[in-house]
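This is run_35.txt (compact mmCIF, C-alpha atoms).
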# COMPACT_ATOMS: atom_id res chain seq x y z
CA MET Y 1 -168.26 -76.87 149.43
CA GLN Y 2 -167.63 -78.90 146.27
CA ILE Y 3 -166.57 -76.94 143.19
CA ARG Y 4 -167.85 -78.56 140.03
CA LYS Y 5 -165.94 -76.16 137.84
CA THR Y 6 -164.54 -72.67 137.46
CA TYR Y 7 -165.11 -70.39 134.50
CA VAL Y 8 -163.16 -67.21 133.72
CA ILE Y 9 -164.25 -64.72 131.07
CA THR Y 10 -161.91 -62.02 129.83
CA GLU Y 11 -163.36 -59.22 127.74
CA THR Y 12 -161.11 -56.62 126.08
CA ILE Y 13 -162.86 -53.65 124.48
CA HIS Y 14 -160.99 -52.03 121.58
CA ARG Y 15 -163.69 -50.05 119.78
CA GLU Y 16 -167.07 -48.63 120.73
CA MET Y 17 -169.63 -46.90 118.50
CA GLY Y 18 -167.13 -46.60 115.66
CA GLN Y 19 -164.45 -44.99 117.84
CA ALA Y 20 -161.13 -46.59 118.71
CA LEU Y 21 -160.36 -46.45 122.42
CA ALA Y 22 -157.13 -44.67 123.34
CA GLN Y 23 -156.42 -47.63 125.62
CA PRO Y 24 -158.32 -50.95 125.52
CA VAL Y 25 -160.43 -51.65 128.60
CA CYS Y 26 -160.33 -55.14 130.07
CA ARG Y 27 -163.04 -56.75 132.23
CA VAL Y 28 -162.75 -60.17 133.84
CA ALA Y 29 -165.33 -62.30 135.62
CA ALA Y 30 -164.22 -65.40 137.53
CA ALA Y 31 -167.03 -67.83 138.41
CA ALA Y 32 -167.20 -70.97 140.53
CA VAL Y 33 -169.96 -73.54 140.10
CA LEU Y 34 -170.70 -74.97 143.54
CA GLU Y 35 -172.84 -77.74 144.97
CA ASN Y 36 -175.26 -76.06 147.37
CA PRO Y 37 -175.32 -77.97 150.69
CA CYS Y 38 -178.53 -76.15 151.67
CA ALA Y 39 -180.49 -76.98 148.52
CA GLY Y 40 -184.02 -78.30 148.83
CA ARG Y 41 -184.84 -77.39 152.42
CA TYR Y 42 -185.12 -74.43 154.76
CA VAL Y 43 -181.85 -74.06 156.67
CA GLU Y 44 -181.81 -71.54 159.52
CA ASP Y 45 -178.07 -71.34 160.16
CA LEU Y 46 -176.10 -70.67 156.97
CA ALA Y 47 -172.68 -70.75 158.65
CA GLU Y 48 -171.32 -73.39 156.27
CA LEU Y 49 -171.86 -71.06 153.31
CA VAL Y 50 -170.45 -68.05 155.15
CA GLU Y 51 -167.29 -69.95 156.07
CA ALA Y 52 -166.79 -71.27 152.56
CA SER Y 53 -167.02 -67.77 151.09
CA GLU Y 54 -163.62 -66.72 152.42
CA GLY Y 55 -161.64 -69.34 150.53
CA LEU Y 56 -163.82 -68.99 147.45
CA GLY Y 57 -163.39 -65.22 147.47
CA ALA Y 58 -159.62 -65.51 147.69
CA MET Y 59 -159.47 -68.08 144.88
CA LEU Y 60 -161.81 -66.26 142.49
CA THR Y 61 -160.14 -62.90 143.08
CA ARG Y 62 -156.72 -64.41 142.45
CA MET Y 63 -157.97 -65.95 139.19
CA ALA Y 64 -159.65 -62.74 138.05
CA VAL Y 65 -156.69 -60.49 138.86
CA ALA Y 66 -154.29 -62.86 137.10
CA ALA Y 67 -156.44 -62.87 133.99
CA LEU Y 68 -156.82 -59.07 134.06
CA GLY Y 69 -153.07 -58.52 133.93
CA ALA Y 70 -153.42 -54.85 134.92
CA PRO Y 71 -154.14 -52.84 138.08
CA VAL Y 72 -157.73 -53.22 139.20
CA GLU Y 73 -159.96 -50.15 138.98
CA SER Y 74 -163.52 -51.41 139.45
CA TYR Y 75 -164.96 -54.44 141.16
CA GLY Y 76 -168.25 -56.25 141.67
CA LYS Y 77 -169.70 -59.58 142.79
CA ALA Y 78 -172.75 -61.70 142.07
CA ALA Y 79 -174.38 -65.06 142.67
CA ILE Y 80 -176.98 -67.17 140.92
CA VAL Y 81 -178.88 -69.78 142.93
CA GLY Y 82 -180.40 -72.88 141.33
CA GLU Y 83 -184.08 -73.64 141.65
CA GLN Y 84 -183.76 -75.70 144.83
CA GLY Y 85 -181.91 -72.92 146.60
CA GLU Y 86 -182.86 -69.69 148.32
CA LEU Y 87 -181.58 -66.18 147.64
CA GLU Y 88 -180.44 -66.05 151.25
CA HIS Y 89 -177.90 -68.75 150.32
CA ALA Y 90 -176.45 -66.30 147.82
CA ALA Y 91 -176.48 -63.61 150.48
CA ALA Y 92 -174.50 -65.87 152.81
CA LEU Y 93 -171.77 -66.24 150.18
CA LEU Y 94 -171.75 -62.61 149.09
CA HIS Y 95 -172.08 -60.38 152.13
CA PRO Y 96 -170.50 -61.48 155.43
CA ARG Y 97 -166.96 -62.55 154.48
CA LEU Y 98 -166.36 -62.24 150.75
CA GLY Y 99 -165.27 -58.62 150.96
CA LYS Y 100 -161.99 -59.00 152.80
CA PRO Y 101 -160.34 -61.53 150.45
CA MET Y 102 -161.62 -59.54 147.48
CA ARG Y 103 -160.13 -56.30 148.80
CA ASP Y 104 -156.89 -58.05 149.75
CA GLY Y 105 -156.66 -59.54 146.27
CA VAL Y 106 -157.16 -56.28 144.36
CA GLY Y 107 -154.70 -54.18 146.36
CA GLY Y 108 -157.29 -52.65 148.64
CA GLY Y 109 -160.71 -51.12 148.02
CA LYS Y 110 -162.51 -48.56 150.17
CA ALA Y 111 -165.89 -48.68 148.48
CA ILE Y 112 -168.71 -51.09 149.18
CA ILE Y 113 -168.52 -53.91 146.61
CA PRO Y 114 -171.68 -53.72 144.49
CA SER Y 115 -173.58 -56.97 144.05
CA SER Y 116 -176.50 -58.75 142.47
CA LYS Y 117 -178.17 -62.09 143.05
CA LYS Y 118 -180.91 -64.07 141.38
CA THR Y 119 -182.44 -67.51 140.98
CA GLY Y 120 -182.08 -69.19 137.62
CA ALA Y 121 -181.80 -72.26 135.45
CA PRO Y 122 -178.56 -73.36 133.78
CA GLY Y 123 -177.30 -70.69 131.42
CA THR Y 124 -179.00 -67.82 133.21
CA ALA Y 125 -177.13 -64.56 132.71
CA ILE Y 126 -176.55 -62.15 135.57
CA ASP Y 127 -175.53 -58.48 135.38
CA VAL Y 128 -172.64 -58.04 137.78
CA PRO Y 129 -172.69 -54.38 138.86
CA LEU Y 130 -169.34 -52.56 138.89
CA HIS Y 131 -168.02 -49.35 140.35
CA TYR Y 132 -164.66 -47.75 141.17
CA LYS Y 133 -163.11 -49.62 144.06
CA ASP Y 134 -161.93 -46.61 146.05
CA ALA Y 135 -164.86 -44.24 145.58
CA ALA Y 136 -168.31 -45.47 144.61
CA PHE Y 137 -169.42 -42.13 143.17
CA VAL Y 138 -166.78 -41.92 140.40
CA ARG Y 139 -169.15 -41.55 137.48
CA THR Y 140 -166.89 -42.81 134.71
CA HIS Y 141 -166.90 -46.25 136.28
CA PHE Y 142 -170.61 -47.04 136.86
CA ASP Y 143 -171.10 -50.15 134.73
CA ALA Y 144 -172.15 -53.82 134.67
CA MET Y 145 -170.82 -57.02 133.15
CA GLU Y 146 -173.26 -59.66 131.92
CA VAL Y 147 -172.02 -63.14 132.85
CA ARG Y 148 -173.39 -66.61 132.26
CA VAL Y 149 -172.12 -70.16 132.66
CA PRO Y 150 -173.87 -72.23 130.01
CA ASP Y 151 -174.58 -75.33 132.11
CA ALA Y 152 -174.95 -73.75 135.56
CA PRO Y 153 -176.46 -73.50 138.07
CA ARG Y 154 -178.27 -76.81 138.15
CA ALA Y 155 -181.14 -76.92 140.61
CA ASN Y 156 -178.86 -77.94 143.51
CA GLU Y 157 -175.99 -75.61 142.61
CA MET Y 158 -174.93 -71.99 142.94
CA VAL Y 159 -172.66 -69.83 140.80
CA LEU Y 160 -170.47 -67.27 142.57
CA VAL Y 161 -168.88 -64.50 140.48
CA VAL Y 162 -166.09 -62.01 141.20
CA ALA Y 163 -165.52 -59.30 138.58
CA VAL Y 164 -162.69 -56.80 138.12
CA THR Y 165 -161.84 -54.22 135.46
CA SER Y 166 -158.85 -52.21 134.29
CA GLY Y 167 -160.95 -49.12 133.62
CA GLY Y 168 -164.37 -47.51 133.43
CA ARG Y 169 -166.89 -47.43 130.60
CA PRO Y 170 -165.36 -47.33 127.09
CA LEU Y 171 -166.10 -43.70 126.15
CA PRO Y 172 -167.13 -41.90 129.35
CA ARG Y 173 -168.39 -38.37 128.65
CA ILE Y 174 -171.17 -37.55 131.10
CA GLY Y 175 -169.19 -35.55 133.62
CA GLY Y 176 -169.48 -36.17 137.34
CA LEU Y 177 -166.80 -37.16 139.82
CA GLN Y 178 -163.57 -38.19 138.10
CA LYS Y 179 -160.96 -40.62 139.43
CA HIS Y 180 -158.35 -37.93 140.01
CA GLU Y 181 -160.78 -35.80 142.07
CA ILE Y 182 -161.48 -38.25 144.86
CA GLN Y 183 -160.61 -37.81 148.53
CA GLY Y 184 -160.45 -41.62 148.80
CA GLN Y 185 -161.23 -41.96 152.51
CA ASP Y 186 -164.91 -42.76 152.92
CA GLY Y 187 -165.28 -45.15 149.99
CA LEU Y 188 -167.87 -42.84 148.44
CA ARG Y 189 -166.03 -39.77 147.13
CA MET N 1 -184.80 -32.14 122.10
CA ASP N 2 -188.04 -34.08 122.39
CA LEU N 3 -188.43 -37.05 124.69
CA ARG N 4 -190.38 -39.71 122.80
CA ILE N 5 -191.84 -42.43 125.02
CA ARG N 6 -193.12 -45.45 123.14
CA LYS N 7 -194.51 -47.11 126.24
CA ILE N 8 -194.38 -47.38 130.02
CA VAL N 9 -194.33 -50.74 131.78
CA THR N 10 -195.35 -51.18 135.43
CA TYR N 11 -194.79 -54.42 137.31
CA VAL N 12 -195.62 -55.28 140.90
CA ASP N 13 -194.41 -58.41 142.68
CA GLU N 14 -196.12 -59.45 145.94
CA THR N 15 -194.27 -62.31 147.64
CA ALA N 16 -195.84 -64.13 150.61
CA ILE N 17 -193.81 -67.34 150.92
CA ASP N 18 -190.12 -68.11 150.34
CA MET N 19 -188.45 -71.53 150.62
CA GLY N 20 -191.70 -72.89 152.03
CA LYS N 21 -191.76 -70.41 154.92
CA PRO N 22 -194.29 -67.56 155.07
CA LEU N 23 -192.91 -64.04 155.27
CA ALA N 24 -193.73 -61.94 158.33
CA ARG N 25 -195.44 -59.50 155.95
CA THR N 26 -195.96 -59.47 152.21
CA LYS N 27 -192.91 -58.18 150.35
CA ARG N 28 -193.91 -55.81 147.55
CA THR N 29 -191.57 -54.72 144.76
CA ALA N 30 -192.56 -52.27 142.03
CA LEU N 31 -190.77 -51.53 138.77
CA VAL N 32 -191.66 -48.79 136.31
CA ALA N 33 -189.83 -48.62 132.97
CA ALA N 34 -190.08 -46.07 130.17
CA VAL N 35 -189.18 -47.20 126.66
CA ILE N 36 -187.85 -44.14 124.81
CA ALA N 37 -186.34 -43.33 121.44
CA ASN N 38 -182.53 -43.01 121.49
CA PRO N 39 -181.86 -39.69 119.72
CA PHE N 40 -178.30 -40.77 118.92
CA ALA N 41 -178.98 -44.28 117.65
CA GLY N 42 -176.56 -45.32 114.96
CA ARG N 43 -173.91 -42.67 115.55
CA PHE N 44 -171.34 -41.49 118.05
CA GLN N 45 -172.43 -38.32 119.82
CA GLU N 46 -169.72 -36.54 121.80
CA ASP N 47 -171.75 -33.95 123.69
CA LEU N 48 -174.51 -35.69 125.63
CA PHE N 49 -175.33 -32.85 128.03
CA PRO N 50 -178.18 -31.16 126.13
CA MET N 51 -179.94 -34.54 125.94
CA ILE N 52 -179.21 -35.28 129.61
CA ASP N 53 -180.54 -31.89 130.72
CA ALA N 54 -183.69 -32.40 128.65
CA PHE N 55 -184.44 -36.06 129.39
CA ALA N 56 -183.15 -36.73 132.90
CA PRO N 57 -185.57 -34.47 134.82
CA GLN N 58 -188.62 -35.53 132.79
CA LEU N 59 -187.90 -39.23 133.19
CA GLY N 60 -186.72 -38.86 136.76
CA LYS N 61 -189.97 -37.21 137.81
CA LEU N 62 -192.30 -39.46 135.83
CA LEU N 63 -190.71 -42.72 136.93
CA ALA N 64 -190.28 -41.67 140.56
CA GLU N 65 -193.91 -40.67 140.98
CA ARG N 66 -195.17 -43.82 139.29
CA VAL N 67 -192.95 -46.31 141.09
CA VAL N 68 -193.70 -44.91 144.54
CA ALA N 69 -197.42 -44.92 143.73
CA ALA N 70 -197.25 -48.47 142.37
CA LEU N 71 -195.46 -49.71 145.48
CA GLY N 72 -198.12 -48.15 147.68
CA GLU N 73 -196.03 -48.56 150.85
CA PRO N 74 -192.93 -46.86 152.27
CA VAL N 75 -189.82 -47.58 150.21
CA GLU N 76 -187.02 -49.42 152.00
CA ALA N 77 -184.64 -50.28 149.15
CA TYR N 78 -184.25 -48.99 145.61
CA GLY N 79 -182.34 -49.11 142.33
CA LYS N 80 -182.27 -47.88 138.71
CA ALA N 81 -181.48 -49.20 135.23
CA ALA N 82 -180.65 -48.03 131.71
CA ILE N 83 -180.70 -50.65 128.95
CA VAL N 84 -179.63 -49.35 125.53
CA GLY N 85 -180.68 -50.98 122.25
CA LEU N 86 -178.11 -52.45 119.91
CA ASN N 87 -177.74 -49.34 117.74
CA GLY N 88 -176.65 -47.23 120.70
CA ASP N 89 -173.77 -46.98 123.12
CA VAL N 90 -174.05 -47.50 126.84
CA GLU N 91 -172.94 -43.94 127.61
CA VAL N 92 -176.24 -42.50 126.39
CA GLY N 93 -178.17 -44.60 128.92
CA SER N 94 -175.64 -43.93 131.66
CA GLY N 95 -175.93 -40.20 130.99
CA ILE N 96 -179.65 -40.19 131.67
CA ILE N 97 -179.52 -42.04 134.98
CA HIS N 98 -176.25 -40.90 136.53
CA THR N 99 -177.15 -37.34 137.39
CA LEU N 100 -178.90 -35.74 140.35
CA LYS N 101 -181.30 -34.30 137.78
CA PHE N 102 -182.64 -37.84 137.43
CA GLY N 103 -182.13 -39.43 140.84
CA ASN N 104 -183.17 -36.64 143.16
CA TYR N 105 -186.85 -37.01 142.23
CA PHE N 106 -186.68 -40.60 143.44
CA ARG N 107 -184.84 -39.65 146.58
CA ALA N 108 -187.41 -36.98 147.36
CA ALA N 109 -190.38 -39.25 146.64
CA ALA N 110 -188.91 -42.12 148.68
CA ALA N 111 -187.29 -40.05 151.45
CA ALA N 112 -183.93 -41.52 150.49
CA THR N 113 -180.34 -40.35 150.76
CA THR N 114 -177.95 -42.96 149.43
CA LEU N 115 -176.18 -43.75 146.18
CA LEU N 116 -178.90 -45.23 143.99
CA PRO N 117 -177.50 -48.54 142.72
CA ALA N 118 -177.68 -49.14 139.00
CA VAL N 119 -177.33 -51.52 136.09
CA GLU N 120 -176.55 -50.31 132.57
CA LYS N 121 -175.77 -52.23 129.45
CA VAL N 122 -176.47 -52.65 125.75
CA GLY N 123 -178.80 -55.49 124.84
CA PRO N 124 -181.37 -56.85 122.41
CA ALA N 125 -185.12 -56.58 122.85
CA GLY N 126 -186.23 -59.13 125.41
CA CYS N 127 -182.89 -59.30 127.20
CA THR N 128 -183.00 -59.85 130.91
CA TRP N 129 -181.46 -57.29 133.26
CA ASP N 130 -180.73 -57.42 136.98
CA VAL N 131 -181.24 -54.26 139.01
CA PRO N 132 -179.14 -54.13 142.19
CA LEU N 133 -181.02 -52.62 145.13
CA LYS N 134 -179.74 -51.27 148.39
CA HIS N 135 -181.26 -49.70 151.50
CA LYS N 136 -182.35 -46.15 150.79
CA THR N 137 -180.72 -44.39 153.77
CA ASN N 138 -177.93 -46.75 154.84
CA ASP N 139 -176.20 -48.75 152.15
CA LYS N 140 -174.58 -51.01 154.73
CA VAL N 141 -177.84 -52.50 155.99
CA ARG N 142 -177.14 -56.03 154.90
CA SER N 143 -180.67 -57.44 155.07
CA HIS N 144 -181.60 -55.14 152.21
CA HIS N 145 -178.90 -56.07 149.68
CA GLN N 146 -181.06 -57.57 146.94
CA THR N 147 -181.69 -57.66 143.19
CA PHE N 148 -184.73 -57.38 140.96
CA THR N 149 -184.65 -59.15 137.60
CA PHE N 150 -186.79 -58.06 134.68
CA SER N 151 -187.19 -58.13 130.91
CA ILE N 152 -189.52 -56.50 128.40
CA PRO N 153 -190.15 -58.78 125.43
CA ASP N 154 -190.13 -56.05 122.79
CA ALA N 155 -187.69 -53.57 124.33
CA PRO N 156 -185.28 -52.01 123.85
CA LEU N 157 -185.58 -52.11 120.08
CA PRO N 158 -182.26 -51.25 118.41
CA ASP N 159 -182.98 -47.49 118.38
CA GLU N 160 -184.41 -47.35 121.90
CA ILE N 161 -183.41 -47.09 125.56
CA VAL N 162 -185.23 -48.57 128.55
CA VAL N 163 -184.97 -46.42 131.69
CA ALA N 164 -186.37 -47.96 134.88
CA LEU N 165 -186.71 -47.49 138.63
CA VAL N 166 -187.31 -50.23 141.20
CA ALA N 167 -188.63 -49.81 144.75
CA THR N 168 -189.36 -52.39 147.44
CA ASN N 169 -191.00 -52.23 150.88
CA ALA N 170 -188.68 -54.69 152.62
CA GLY N 171 -185.36 -56.50 152.79
CA ARG N 172 -184.87 -60.05 151.55
CA PRO N 173 -187.61 -62.51 152.57
CA HIS N 174 -185.79 -64.30 155.43
CA PRO N 175 -182.60 -62.35 156.11
CA ARG N 176 -180.37 -64.27 158.52
CA ILE N 177 -176.73 -63.66 157.70
CA GLY N 178 -176.08 -61.04 160.35
CA ASP N 179 -174.79 -57.55 159.86
CA LEU N 180 -171.50 -55.70 159.80
CA SER N 181 -171.19 -55.79 163.59
CA ARG N 182 -170.34 -59.51 163.37
CA GLU N 183 -167.13 -58.66 161.53
CA THR N 184 -165.93 -55.57 163.37
CA SER N 185 -162.38 -56.91 163.41
CA LEU N 186 -162.34 -56.68 159.62
CA LEU N 187 -163.38 -53.02 159.43
CA ASP N 188 -159.77 -51.82 159.46
CA VAL N 189 -159.31 -53.32 156.01
CA ARG N 190 -161.73 -50.79 154.55
CA GLY N 191 -160.19 -47.85 156.34
CA ALA N 192 -163.65 -46.65 157.25
CA GLY N 193 -166.09 -47.23 160.09
CA PRO N 194 -169.53 -48.84 159.90
Since I need it in another form, could you write the structure as structure tokens?
Amino acid sequence: MQIRKTYVITETIHREMGQALAQPVCRVAAAAVLENPCAGRYVEDLAELVEASEGLGAMLTRMAVAALGAPVESYGKAAIVGEQGELEHAAALLHPRLGKPMRDGVGGGKAIIPSSKKTGAPGTAIDVPLHYKDAAFVRTHFDAMEVRVPDAPRANEMVLVVAVTSGGRPLPRIGGLQKHEIQGQDGLR
Amino acid sequence: MDLRIRKIVTYVDETAIDMGKPLARTKRTALVAAVIANPFAGRFQEDLFPMIDAFAPQLGKLLAERVVAALGEPVEAYGKAAIVGLNGDVEVGSGIIHTLKFGNYFRAAAAATTLLPAVEKVGPAGCTWDVPLKHKTNDKVRSHHQTFTFSIPDAPLPDEIVVALVATNAGRPHPRIGDLSRETSLLDVRGAGP
């Protein structure tokens, strides 16, 4: 699959609601703008997209982790399909084979990788859901990162996003399962 | 602490055709959102638990009953959202939705058992938000990984929070990317079975 461009956004949160954070939290989204080989027609076998997702996942995770510059705590993934595409094209990139290179790239992750997908015009924003990579129920880390690429996707393109963070929400104070309490085996708790 | 609801928005999507191909049966998705006053708008509130204990059960019950009724068919996948207006912090919205006091009404009404996927953020009135949905009893059922996108033109105002639930009667329109059994050799990476 042809990559028109890549786009990496690094967000570092220092203050929230008038409070300084003890430690800044960093969130990175790495996006690839891709020509969609299945645009404009119904394609039954999406194998080309599934196969491409492995290399794309490895590349985007490498870019995101490098930009983060800290151990990864949460992860998430997302895809936006242009108007001539189908959401199932996004599913083909996101679900069968993206997980392994993502987990390899972040030093392992037991939890399901949360995801979102939508159809949109260039500049559409997508909320990439995030949660703690070793236990989905860690409450401090439920979050989302809003990501857009100003000139993508065009009607025959897709945008694939991998997101990683160095921490949870800025000022978590609603209780629930904490990082240090997890069993860390089942990917949930 | 009083829950003040400015308005409730209900939306139902009925999709019959996707990519030119008719669906086997109509896919229905329902969303119900409550637009409420943020009692802590404009300031940092450390202790959120009295608010959570007051608001979460009321909103959980109201939204769960309405979304299941609006869908009108058995729920197969679900999700939740909290969108906080610009004068608030995300934690206030997260507090309302990330508690069993909120989610268990939905699980009971939908006969569901799984982690209820969520989106939460701070945004201006009219912002668009994407609610991740997953299968209600088995979060690994791949055909049901999907997203519902929504916006309310005049919400959340800066001192408000939008709290929403989404329910759908089906997976994606034409799911054809296989399931986890096609990648059994990769399961070791996760350290957990299917």
Could you give me, as CSV, a per-residue list for segment 60-140 of chain Y showing, wherever an atom lies at most 8 Å from an atom of segment 140-164 of chain N, the closest pair of atoms and their distance in Å to one decimal, using only C-alpha atoms and sorting by chain then residue number from low to high?
residue,atom,partner,partner_atom,distance
Y:Ala91,CA,N:His145,CA,8.0
Y:His95,CA,N:Arg142,CA,7.2
Y:Ser115,CA,N:His145,CA,7.8
Y:Ser116,CA,N:Thr147,CA,5.4
Y:Lys117,CA,N:Thr147,CA,5.7
Y:Lys118,CA,N:Thr147,CA,6.7
message: Set the distance at 6 Å and use only C-alpha atoms: which residues neighbour Ala16 of chain N once local chain neighbours fewer than 6 positions away are removed? I'd like the list as a list in words.
response: Pro22, Leu23 and Thr26 of chain N
task: Write out as an NGL selection string the residues lying within 10 Å of His174 of chain N, counting all atoms listed in the file and excluding same-chain residues fewer than 6 positions away.
output: (:Y and (44 or 86-88)) or (:N and (17-19 or 21-24 or 143))
task: Specify as a PyMOL selection string all residues of chain Y found within 6 Å of chain N, counting only C-alpha atoms.
output: chain Y and resi 17+92+110+116-117+127+143-144+174+186
statement: Min atom-atom distance to Arg41 of chain Y from the set Y:Asn156, Y:Met1, Y:Thr124, Y:His14, counting only C-alpha atoms, belongs to Y:Asn156
message: For Leu31 of chain N, find every residue with an atom within 7 Å (counting only C-alpha atoms), except residues of its own chain fewer than 3 positions away, and show them as an MDAnalysis selection string.
response: chainID N and resid 10:12 67 164:167
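Interatomic distance, atom CA of Glu48 of chain Y to atom CA of Leu160 of chain Y: 15.0 Å.
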Pick out the residues sitting within 8 Å of segment 57-64 of chain Y, and hand them over as a short mmCIF file (atom, residue, chain, number, x, y, z; two decimals) with C-alpha atoms, keeping the file's coordinate frame; count only C-alpha atoms, and ignore anything fewer than 2 positions along from it in its own chain.
data_model
loop_
_atom_site.label_atom_id
_atom_site.label_comp_id
_atom_site.auth_asym_id
_atom_site.auth_seq_id
_atom_site.Cartn_x
_atom_site.Cartn_y
_atom_site.Cartn_z
CA VAL Y 8 -163.16 -67.21 133.72
CA VAL Y 28 -162.75 -60.17 133.84
CA ALA Y 29 -165.33 -62.30 135.62
CA ALA Y 30 -164.22 -65.40 137.53
CA ALA Y 31 -167.03 -67.83 138.41
CA ALA Y 32 -167.20 -70.97 140.53
CA SER Y 53 -167.02 -67.77 151.09
CA GLU Y 54 -163.62 -66.72 152.42
CA GLY Y 55 -161.64 -69.34 150.53
CA ALA Y 66 -154.29 -62.86 137.10
CA ALA Y 67 -156.44 -62.87 133.99
CA LEU Y 68 -156.82 -59.07 134.06
CA LEU Y 98 -166.36 -62.24 150.75
CA GLY Y 99 -165.27 -58.62 150.96
CA PRO Y 101 -160.34 -61.53 150.45
CA MET Y 102 -161.62 -59.54 147.48
CA GLY Y 105 -156.66 -59.54 146.27
CA VAL Y 106 -157.16 -56.28 144.36
CA VAL Y 161 -168.88 -64.50 140.48
CA VAL Y 162 -166.09 -62.01 141.20
CA ALA Y 163 -165.52 -59.30 138.58
CA VAL Y 164 -162.69 -56.80 138.12
#
